[in-house]
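> Have a look at this one.
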Amino acid sequence: MAIKQIPVSKLDEGIKKSMSQVRSLIESSKLLYEKRKFPESINLSILGKEEMTKLRVFRIHKKLNKPITNREWKLLRSHKKKLTHPYITAFERMRQKSITEIMELNQLMKKLGIEESLNVMDGVVGPSKMFTRHLESLDYLKQDCLYVNWVYEDWFSVRDNFNQNEKKSLAYVLLTELKNDYQYGLLAQNHPKLRGEDLLKTAESKRIKRIAKEMKSSKFKLMKNTVKKIMTEYYHPRIS
């Protein structure tokens, strides 16, 4: 049944329920990772990332006091758009900020241990083409964790075509990135009015710093390079 719109009055409830769902996906993905069920762990981490990106749109609409239209809800549920559309929506909002505001946000992210991530040039902010391609290709990776597909003139699946180190790298990197996204989500949910140094004192910020340190480790960087190679070689070419 098609929806007309999701009213602003229901967004807080949707945010809380979605965050709870992400927490459950993280816990399940972690258990599967520890049991070396890497394809299953990868799949749940990607599902969690999809849910987290949807939350970006919820928060933007709540801030603007605007309901979510049927058209936008369809985009959020589209396999090809559910990861990219929320980021594009968020960057559209960023374009309304001044360069000074953006640089202040970058400084805050650096204090949290995150490298500068906003692409700023001539006042225009947006996700890079490589980043967008990566997000779109995650849907193919998710499918290859669940099914045996016919790709590159042969049968293909994560379980059968990647070695143990490759599967472990994919599972570890995606789970770590999801945990990081989740903590940012908690920060936005629990402390919407805090700014600057007060924000840095929260428990969520401290957890973000710990995860950021982990993401700078040689172990993570080595696994991240393996993931980049896999995505570039096997998945980016599948984006039409």
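As shown in the structure tokens, the chain order sets the letters A, B, ...; within each chain, residues go from 1, and ligands are also counted from 1 in the order they appear.
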Please list as an MDAnalysis selection string every residue within 9 Å of A:Ala203, counting only C-alpha atoms and excluding residues in the same chain fewer than 4 positions away.
chainID A and resid 187 207:208
> Write the residues of the selection above to a file with N, CA and C atoms, as an mmCIF file, in the first residue's frame.

data_model
loop_
_atom_site.group_PDB
_atom_site.id
_atom_site.type_symbol
_atom_site.label_atom_id
_atom_site.label_comp_id
_atom_site.auth_asym_id
_atom_site.auth_seq_id
_atom_site.Cartn_x
_atom_site.Cartn_y
_atom_site.Cartn_z
ATOM 1 N N LEU A 187 25.207 10.255 18.859
ATOM 2 C CA LEU A 187 25.598 11.613 19.212
ATOM 3 C C LEU A 187 24.530 12.612 18.775
ATOM 4 N N ARG A 207 33.765 7.282 22.396
ATOM 5 C CA ARG A 207 33.744 6.026 21.642
ATOM 6 C C ARG A 207 34.151 6.267 20.188
ATOM 7 N N ILE A 208 33.721 7.394 19.623
ATOM 8 C CA ILE A 208 34.106 7.743 18.252
ATOM 9 C C ILE A 208 35.627 7.881 18.150
#
> Give me, as CSV, the closest atom pair and its distance (Å, one decimal) for every residue of stretch 14-67 of chain A within a cut-off of 10 Å of stretch 167-186 of chain A, counting only C-alpha atoms, rows sorted by chain and rising number.

residue,atom,partner,partner_atom,distance
A:Ile15,CA,A:Gly185,CA,9.4
A:Lys16,CA,A:Leu186,CA,9.7
A:Met19,CA,A:Gly185,CA,7.6
A:Val22,CA,A:Tyr182,CA,7.3
A:Arg23,CA,A:Tyr182,CA,7.6
A:Leu25,CA,A:Leu178,CA,9.5
A:Ile26,CA,A:Lys179,CA,7.0
A:Glu27,CA,A:Leu175,CA,9.7
A:Ser29,CA,A:Leu175,CA,7.1
A:Lys30,CA,A:Leu175,CA,7.3
A:Leu32,CA,A:Ala171,CA,9.4
A:Tyr33,CA,A:Ala171,CA,6.8
A:Arg36,CA,A:Lys168,CA,7.7
A:Lys37,CA,A:Lys168,CA,8.9
A:Phe38,CA,A:Ala171,CA,5.7
A:Pro39,CA,A:Lys167,CA,6.8
A:Glu40,CA,A:Ala171,CA,8.6
A:Ser41,CA,A:Ala171,CA,5.9
A:Ile42,CA,A:Ala171,CA,4.7
A:Asn43,CA,A:Ala171,CA,8.5
A:Leu44,CA,A:Leu175,CA,8.6
A:Ser45,CA,A:Leu175,CA,5.5
A:Ile46,CA,A:Leu174,CA,7.1
A:Leu47,CA,A:Leu178,CA,9.7
A:Gly48,CA,A:Leu178,CA,6.8
A:Lys49,CA,A:Leu178,CA,6.0
A:Glu50,CA,A:Leu178,CA,9.8
A:Glu51,CA,A:Tyr182,CA,9.9
A:Met52,CA,A:Asp181,CA,7.1
A:Thr53,CA,A:Asp181,CA,8.9
A:Leu55,CA,A:Gly185,CA,8.0
A:Arg56,CA,A:Gly185,CA,8.6
A:Arg59,CA,A:Gly185,CA,9.8
> I'd like the neighbourhood of A:Glu166 as a PyMOL selection string, where a residue qualifies if any of its atoms comes within 9 Å (using only C-alpha atoms), though same-chain residues fewer than 5 positions away should be ignored.
chain A and resi 171+223+226-227+230
> Quick one, how far is atom CA of A:Cys145 from atom CA of A:Glu72?
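Between these atoms lies a distance of 27.7 Å.
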> Would you compute the distance between atom CA of A:Ser218 and atom CA of A:Asn165? Give it in Å to one decimal.
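Calculated distance between atom CA of A:Ser218 and atom CA of A:Asn165 is 15.3 Å.
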> Given only C-alpha atoms as the basis, pick out the residue of A:Arg77, A:Arg238, A:Lys216, A:Lys4 nearest to A:Glu136.
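Once distances to A:Glu136 are computed over only C-alpha atoms, the minimum belongs to A:Arg238.
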> Given only C-alpha atoms as the basis, pick out the residue of A:Leu76, A:Leu83, A:Leu222, A:Val57 nearest to A:Arg133.
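Closest to A:Arg133 of all the choices is A:Leu83.
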